[in-house]
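protein10.cif follows; it contains mmCIF, C-alpha atoms and all ligand atoms.
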data_run
#
loop_
_atom_site.label_atom_id
_atom_site.label_comp_id
_atom_site.auth_asym_id
_atom_site.auth_seq_id
_atom_site.Cartn_x
_atom_site.Cartn_y
_atom_site.Cartn_z
CA LEU A 16 115.22 81.78 140.47
CA LYS A 17 118.09 83.46 142.24
CA GLY A 18 118.60 86.79 140.57
CA LEU A 19 115.32 87.43 138.76
CA LYS A 20 112.46 89.21 140.50
CA ILE A 21 108.93 88.86 139.16
CA VAL A 22 106.87 92.06 139.30
CA LYS A 23 103.13 91.83 138.67
CA THR A 24 101.74 95.26 139.40
CA ILE A 25 102.50 98.82 138.39
CA GLU A 26 102.51 99.88 142.04
CA GLU A 27 105.11 97.25 142.91
CA TRP A 28 107.37 98.46 140.09
CA ARG A 29 106.92 102.11 141.16
CA GLY A 30 108.20 101.12 144.64
CA ILE A 31 111.24 99.36 143.17
CA TYR A 32 111.86 102.25 140.77
CA SER A 33 112.00 104.79 143.60
CA GLU A 34 114.65 102.68 145.34
CA LEU A 35 116.79 102.56 142.17
CA LYS A 36 117.54 106.27 142.59
CA GLY A 37 118.62 107.21 139.10
CA CYS A 38 120.27 103.94 138.01
CA SER A 39 120.27 103.45 134.24
CA ILE A 40 117.43 101.13 133.24
CA GLY A 41 117.43 99.00 130.09
CA PHE A 42 114.05 97.70 129.01
CA VAL A 43 113.17 94.80 126.72
CA PRO A 44 109.41 94.73 126.01
CA THR A 45 108.18 91.33 124.80
CA MET A 46 105.06 89.23 124.45
CA GLY A 47 106.89 86.27 125.97
CA TYR A 48 107.64 82.80 124.67
CA LEU A 49 111.22 84.00 124.64
CA HIS A 50 113.82 82.74 122.19
CA GLU A 51 117.44 83.56 121.42
CA GLY A 52 116.35 86.73 119.61
CA HIS A 53 114.85 88.13 122.85
CA GLN A 54 117.84 86.84 124.78
CA SER A 55 120.19 88.77 122.49
CA LEU A 56 118.31 91.98 123.39
CA ILE A 57 118.55 91.18 127.11
CA LYS A 58 122.26 90.41 126.81
CA LYS A 59 122.89 93.69 124.98
CA ALA A 60 121.00 95.60 127.68
CA ARG A 61 122.99 93.77 130.37
CA LYS A 62 126.19 95.21 128.86
CA ASP A 63 124.82 98.75 128.52
CA VAL A 64 122.96 99.55 131.75
CA GLU A 65 122.76 98.91 135.48
CA VAL A 66 119.26 97.45 135.74
CA VAL A 67 117.63 95.24 133.10
CA VAL A 68 113.84 94.94 132.97
CA VAL A 69 112.00 92.55 130.64
CA SER A 70 108.23 92.76 130.26
CA ILE A 71 105.97 89.96 129.13
CA PHE A 72 102.52 91.09 128.11
CA VAL A 73 100.46 89.62 125.29
CA ASN A 74 98.80 92.90 124.39
CA PRO A 75 95.18 92.37 123.30
CA LEU A 76 95.09 95.84 121.72
CA GLN A 77 97.49 94.88 118.92
CA PHE A 78 95.68 91.72 117.75
CA GLY A 79 92.97 91.76 115.11
CA LYS A 80 89.66 89.93 115.62
CA ASN A 81 90.72 86.88 113.62
CA GLU A 82 94.32 86.81 114.82
CA ASP A 83 96.09 84.55 117.29
CA PHE A 84 95.62 86.43 120.61
CA SER A 85 94.05 83.45 122.41
CA THR A 86 96.46 80.87 121.01
CA TYR A 87 99.63 82.98 121.30
CA PRO A 88 102.15 80.71 123.13
CA ARG A 89 102.54 81.53 126.84
CA SER A 90 104.83 80.00 129.46
CA LEU A 91 105.99 82.10 132.40
CA GLU A 92 108.08 79.30 133.88
CA ARG A 93 110.08 78.81 130.69
CA ASP A 94 110.38 82.56 130.09
CA SER A 95 111.63 83.25 133.62
CA LEU A 96 114.50 80.81 133.14
CA LEU A 97 115.44 82.21 129.72
CA ALA A 98 115.23 85.84 130.92
CA GLU A 99 117.34 85.09 133.97
CA GLU A 100 119.88 83.14 131.92
CA ALA A 101 120.29 86.14 129.60
CA GLY A 102 120.85 88.48 132.55
CA ALA A 103 117.51 90.17 133.34
CA ASP A 104 117.00 91.61 136.84
CA TYR A 105 113.23 92.12 136.74
CA LEU A 106 110.40 90.48 134.83
CA PHE A 107 107.32 92.70 134.61
CA VAL A 108 104.32 90.45 133.94
CA PRO A 109 101.09 92.41 134.36
CA GLU A 110 97.66 90.85 133.85
CA ALA A 111 95.41 92.43 131.21
CA GLU A 112 93.30 93.99 134.01
CA GLU A 113 96.41 95.68 135.36
CA MET A 114 97.26 97.26 132.01
CA TYR A 115 93.68 97.94 130.92
CA PRO A 116 91.46 98.22 134.05
CA SER A 117 88.89 99.90 131.82
CA PRO A 118 88.76 100.04 128.01
CA THR A 119 91.39 102.58 126.97
CA LEU A 120 89.92 105.74 125.46
CA ALA A 121 93.35 107.27 124.88
CA LYS A 122 95.38 105.73 122.08
CA VAL A 123 98.64 106.58 120.39
CA THR A 124 98.52 106.71 116.60
CA VAL A 125 101.51 107.11 114.33
CA GLY A 126 100.28 108.17 110.90
CA HIS A 127 101.32 107.36 107.33
CA ILE A 128 104.08 104.78 107.92
CA THR A 129 101.46 102.50 109.52
CA ASP A 130 99.17 102.49 106.47
CA MET A 131 101.40 100.18 104.42
CA MET A 132 103.04 96.74 104.63
CA CYS A 133 101.95 94.98 107.86
CA GLY A 134 99.59 97.88 108.63
CA ARG A 135 97.55 97.10 105.52
CA SER A 136 96.75 93.50 106.47
CA ARG A 137 96.61 94.25 110.21
CA PRO A 138 94.49 97.41 110.61
CA GLY A 139 94.85 98.91 114.10
CA HIS A 140 97.86 96.74 114.92
CA PHE A 141 100.38 99.58 115.13
CA ASP A 142 98.04 101.78 117.20
CA GLY A 143 97.92 98.87 119.63
CA VAL A 144 101.70 98.58 119.65
CA ALA A 145 102.32 102.35 119.97
CA THR A 146 99.77 102.60 122.80
CA VAL A 147 101.11 99.69 124.85
CA VAL A 148 104.74 100.70 124.32
CA THR A 149 103.89 104.24 125.52
CA LYS A 150 102.15 102.77 128.58
CA LEU A 151 105.08 100.44 129.30
CA PHE A 152 107.56 103.32 128.89
CA ASN A 153 105.49 105.45 131.30
CA ILE A 154 105.42 102.60 133.81
CA ILE A 155 109.02 101.34 133.60
CA ARG A 156 110.61 104.73 132.72
CA PRO A 157 113.59 103.16 130.94
CA THR A 158 116.76 104.99 129.96
CA LEU A 159 117.12 102.71 126.92
CA ALA A 160 114.72 100.27 125.26
CA TYR A 161 115.79 97.42 123.00
CA PHE A 162 114.03 96.31 119.82
CA SER A 163 114.95 93.92 117.03
CA ILE A 164 114.97 95.06 113.42
CA LYS A 165 113.09 91.80 112.74
CA ASP A 166 109.92 93.87 113.24
CA ALA A 167 111.34 96.65 111.09
CA GLN A 168 108.09 98.53 110.58
CA GLN A 169 107.31 98.36 114.31
CA LEU A 170 110.77 99.75 115.03
CA ALA A 171 110.28 102.60 112.54
CA VAL A 172 106.91 103.37 114.18
CA ILE A 173 108.39 103.40 117.70
CA GLN A 174 111.36 105.52 116.67
CA ARG A 175 109.02 108.02 115.05
CA MET A 176 106.69 108.03 118.05
CA VAL A 177 109.59 108.67 120.45
CA GLN A 178 110.87 111.45 118.20
CA ASP A 179 107.53 113.16 117.58
CA LEU A 180 106.33 112.93 121.20
CA ASN A 181 109.73 113.70 122.83
CA ILE A 182 109.66 110.48 124.82
CA PRO A 183 112.84 110.47 126.93
CA THR A 184 113.88 106.87 126.18
CA GLY A 185 116.68 105.95 123.80
CA ILE A 186 115.78 103.27 121.26
CA VAL A 187 118.49 100.66 120.64
CA THR A 188 118.22 98.64 117.44
CA CYS A 189 119.45 95.04 117.47
CA PRO A 190 120.01 92.59 114.60
CA ILE A 191 117.76 89.66 113.65
CA VAL A 192 118.75 86.33 115.21
CA ARG A 193 118.25 83.38 112.86
CA GLU A 194 118.03 79.60 113.09
CA SER A 195 120.95 77.74 111.48
CA ASP A 196 118.96 77.41 108.22
CA GLY A 197 118.30 81.16 108.11
CA LEU A 198 114.71 81.29 109.37
CA ALA A 199 114.29 84.42 111.51
CA MET A 200 113.52 83.48 115.10
CA SER A 201 109.93 84.18 116.11
CA SER A 202 107.65 82.97 118.88
CA ARG A 203 105.19 82.14 116.08
CA ASN A 204 107.56 79.58 114.48
CA VAL A 205 106.14 76.97 116.90
CA TYR A 206 102.87 77.10 114.92
CA LEU A 207 104.53 75.73 111.77
CA THR A 208 103.90 72.12 110.76
CA PRO A 209 107.09 70.16 109.91
CA GLU A 210 106.34 70.61 106.20
CA GLU A 211 105.75 74.36 106.55
CA ARG A 212 108.87 74.67 108.70
CA SER A 213 110.96 72.96 106.01
CA GLN A 214 109.80 75.50 103.41
CA ALA A 215 110.04 78.62 105.61
CA PRO A 216 113.80 79.27 105.04
CA ILE A 217 112.83 80.35 101.50
CA LEU A 218 111.99 83.77 102.97
CA ASN A 219 115.55 84.49 104.04
CA GLU A 220 117.01 82.79 100.96
CA SER A 221 114.98 84.97 98.61
CA LEU A 222 115.96 88.14 100.49
CA LYS A 223 119.63 87.17 100.45
CA ARG A 224 119.46 86.49 96.72
CA ALA A 225 117.84 89.89 96.14
CA LYS A 226 120.57 91.56 98.19
CA GLU A 227 123.19 89.86 96.00
CA LEU A 228 121.46 91.19 92.89
CA ILE A 229 121.57 94.72 94.31
CA GLU A 230 125.25 94.27 95.12
CA GLN A 231 125.77 93.20 91.50
CA GLY A 232 124.17 96.43 90.31
CA GLU A 233 120.42 95.76 90.02
CA ARG A 234 118.52 98.95 90.95
CA SER A 235 114.97 98.35 89.70
CA VAL A 236 112.56 97.88 92.60
CA GLN A 237 110.08 96.15 90.30
CA GLN A 238 112.74 93.69 89.15
CA ILE A 239 113.89 92.94 92.70
CA VAL A 240 110.31 92.33 93.88
CA LEU A 241 109.76 89.99 90.93
CA GLU A 242 112.91 88.03 91.79
CA ILE A 243 111.83 87.54 95.40
CA LYS A 244 108.29 86.64 94.34
CA GLY A 245 109.52 84.07 91.83
CA LYS A 246 111.66 82.38 94.44
CA ILE A 247 108.99 82.28 97.14
CA GLU A 248 106.37 80.95 94.74
CA LYS A 249 108.53 77.83 94.38
CA ALA A 250 107.50 76.90 97.94
CA PRO A 251 104.06 75.31 97.47
CA LEU A 252 102.80 76.16 100.97
CA ALA A 253 103.83 79.83 100.86
CA ASN A 254 101.13 82.45 100.46
CA ILE A 255 102.55 85.94 99.88
CA ASP A 256 100.97 88.83 101.79
CA TYR A 257 103.45 91.47 100.59
CA ILE A 258 106.94 91.95 99.21
CA GLU A 259 108.16 95.52 99.48
CA VAL A 260 111.34 97.41 98.74
CA ARG A 261 111.32 100.82 100.43
CA GLU A 262 113.57 103.46 101.87
CA TYR A 263 114.22 102.81 105.58
CA PRO A 264 113.14 104.07 108.10
CA SER A 265 111.00 106.60 106.17
CA LEU A 266 109.29 103.70 104.33
CA ASP A 267 109.04 105.95 101.28
CA GLN A 268 108.31 104.10 98.07
CA LYS A 269 110.95 104.26 95.34
CA GLU A 270 111.27 102.93 91.80
CA ILE A 271 115.05 102.85 91.98
CA VAL A 272 116.98 101.45 94.93
CA GLU A 273 118.97 104.22 96.59
CA GLY A 274 120.25 104.95 100.12
CA GLN A 275 119.26 102.81 103.10
CA THR A 276 116.73 100.38 101.72
CA ILE A 277 114.62 97.64 103.27
CA LEU A 278 113.61 94.48 101.44
CA ALA A 279 110.69 93.27 103.54
CA LEU A 280 108.08 90.59 103.22
CA ALA A 281 105.20 88.87 104.97
CA VAL A 282 104.26 85.36 103.91
CA LYS A 283 101.63 83.02 105.28
CA PHE A 284 102.25 79.32 105.73
CA GLY A 285 98.83 77.91 106.54
CA LYS A 286 97.53 80.11 109.35
CA THR A 287 100.98 81.30 110.37
CA ARG A 288 102.07 84.68 109.13
CA LEU A 289 105.85 85.14 109.04
CA ILE A 290 107.79 88.35 108.39
CA ASP A 291 111.42 88.90 107.48
CA ASN A 292 113.62 91.62 106.03
CA ILE A 293 117.10 92.66 105.02
CA ILE A 294 118.47 96.20 105.00
CA VAL A 295 120.91 97.20 102.28
CA ASN A 296 122.86 100.40 101.90
CA VAL A 297 123.25 101.54 98.33
O1 LIG B 1 107.42 93.13 119.44
C1 LIG B 1 106.66 92.75 120.35
O2 LIG B 1 106.84 91.70 120.95
C2 LIG B 1 105.46 93.60 120.71
O3 LIG B 1 104.90 94.19 119.60
C3 LIG B 1 105.77 94.63 121.81
C4 LIG B 1 106.81 95.64 121.34
C5 LIG B 1 106.24 93.94 123.05
C6 LIG B 1 104.51 95.43 122.14
O4 LIG B 1 103.50 94.61 122.61
#
Final structure tokens representation of the file:
Amino acid sequence: LKGLKIVKTIEEWRGIYSELKGCSIGFVPTMGYLHEGHQSLIKKARKDVEVVVVSIFVNPLQFGKNEDFSTYPRSLERDSLLAEEAGADYLFVPEAEEMYPSPTLAKVTVGHITDMMCGRSRPGHFDGVATVVTKLFNIIRPTLAYFSIKDAQQLAVIQRMVQDLNIPTGIVTCPIVRESDGLAMSSRNVYLTPEERSQAPILNESLKRAKELIEQGERSVQQIVLEIKGKIEKAPLANIDYIEVREYPSLDQKEIVEGQTILALAVKFGKTRLIDNIIVNV
């Protein structure tokens, strides 16, 4: 690796940071197993700032007991190449002991907007995300941080956290990157069996169809949810966790579609839980 420097400890990064002397820093936090979605965030940062830092840390705090923490795909070699190719300068890859030398007693909780949608089926997940993102921000001290709207609820939580706690990092929102058949890119897509993979594009298709209905004048949230549900139920391996139509980013529930609205869903294929969404402005 020519350009990319691997940083493993907080102390090492602090040393580098002090040498950067006020350069603008763009930060892309990830859990690794990078794909074109992550690369699009790195490329955007490359255009915006002087120094681009990517972190890879599979954060144990944001996984539930029966979730995929131990099986989450990991490959530093592969990730280093992809991060460098996209234009990263530094790859921060701390071990769990570096991030959590003792069990953390301090946690960051964002209320209300974490009780619904993914928060309902993944209790504690967003506390884990908010806590690790705060830690990473305090370590890296980025000018700007880049997140995909793919994890729309996570993004709303982070934006609210930054706003409420006056965290001096700008949050940059980037679009979802999709496979050619519309499936939103995710590190978890590698879990899908060929049969599950062939049915998974139904998520995006159903959201696109719902968006068309809204564009044609449909305003009933109940009707839109029913449309999406009907379409997804045609895929025999799909198991719906939730389908929600809400105001974004407040996540307020509405009966009638109005203003900036998110159509969001989580669907399980076997053990793999996929999420996707579309934002529409009405
Ligand atoms: O979106 C992710 O990959 C993770 O939730 C994040 C933001 C890196 C925190 O662990």
- Message: Could you list, as an MDAnalysis selection string, all residues that come within 6 Å of ligand LIG 1 (chain B)? Count only C-alpha atoms and all ligand atoms.
- Response: chainID A and resid 44:46 74 144 148
Dump C-alpha atoms for the selected residues as a PDB file, keeping the file's coordinate frame?
ATOM      1  CA  PRO A  44     109.410  94.730 126.010  1.00  0.00           C
ATOM      2  CA  THR A  45     108.180  91.330 124.800  1.00  0.00           C
ATOM      3  CA  MET A  46     105.060  89.230 124.450  1.00  0.00           C
ATOM      4  CA  ASN A  74      98.800  92.900 124.390  1.00  0.00           C
ATOM      5  CA  VAL A 144     101.700  98.580 119.650  1.00  0.00           C
ATOM      6  CA  VAL A 148     104.740 100.700 124.320  1.00  0.00           C
TER       7      VAL A 148
END
- What's the 9 Å shell around segment 157-171 of chain A, counting all atoms listed in the file, without same-chain residues fewer than 5 positions away, as a PyMOL selection string? chain A and resi 38-44+52-53+56-57+59-60+63-64+68+128-129+132-134+141+144-145+152+176+183-192+199-201+263-266+277+279+290-293
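In terms of minimum interatomic distance to Val123 of chain A, A:Gly139 ranks closest within A:Gly79, A:Pro109, A:Gly139, A:Pro251, counting all atoms listed in the file.
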- Query: Nearest to Gly197 of chain A among A:Lys246, A:Lys80, A:Arg175, A:Lys223, with distances taken over all atoms listed in the file: which residue is it?
  - Reply: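 Of A:Lys246, A:Lys80, A:Arg175, A:Lys223, the one nearest Gly197 of chain A is A:Lys223, counting all atoms listed in the file.
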- Task: Tell me, as a ChimeraX atom specification, which residues lie within 10 Å of Ile255 of chain A, counting all atoms listed in the file; anything in the same chain fewer than 2 positions away does not count.
- Result: /A:244,247-248,252-253,257-258,280-284,288-289
- Query: For the point (108.2, 71.6, 105.6) in file coordinates, what residues are within 12 Å, counting all atoms listed in the file? Give the answer as a PyMOL selection string?
  - Reply: chain A and resi 204+207-217+250-253+284-285
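Here atom CA of Gly18 of chain A is placed at a distance of 18.2 Å from atom CA of Gly30 of chain A.
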- atom CA of Thr146 of chain A and atom CA of Tyr115 of chain A, how far apart in Å?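 Computed distance, atom CA of Tyr115 of chain A to atom CA of Thr146 of chain A, equals 11.2 Å.
Across the structure, atom CA of Arg203 of chain A and atom CA of Glu82 of chain A are spaced 11.9 Å apart.
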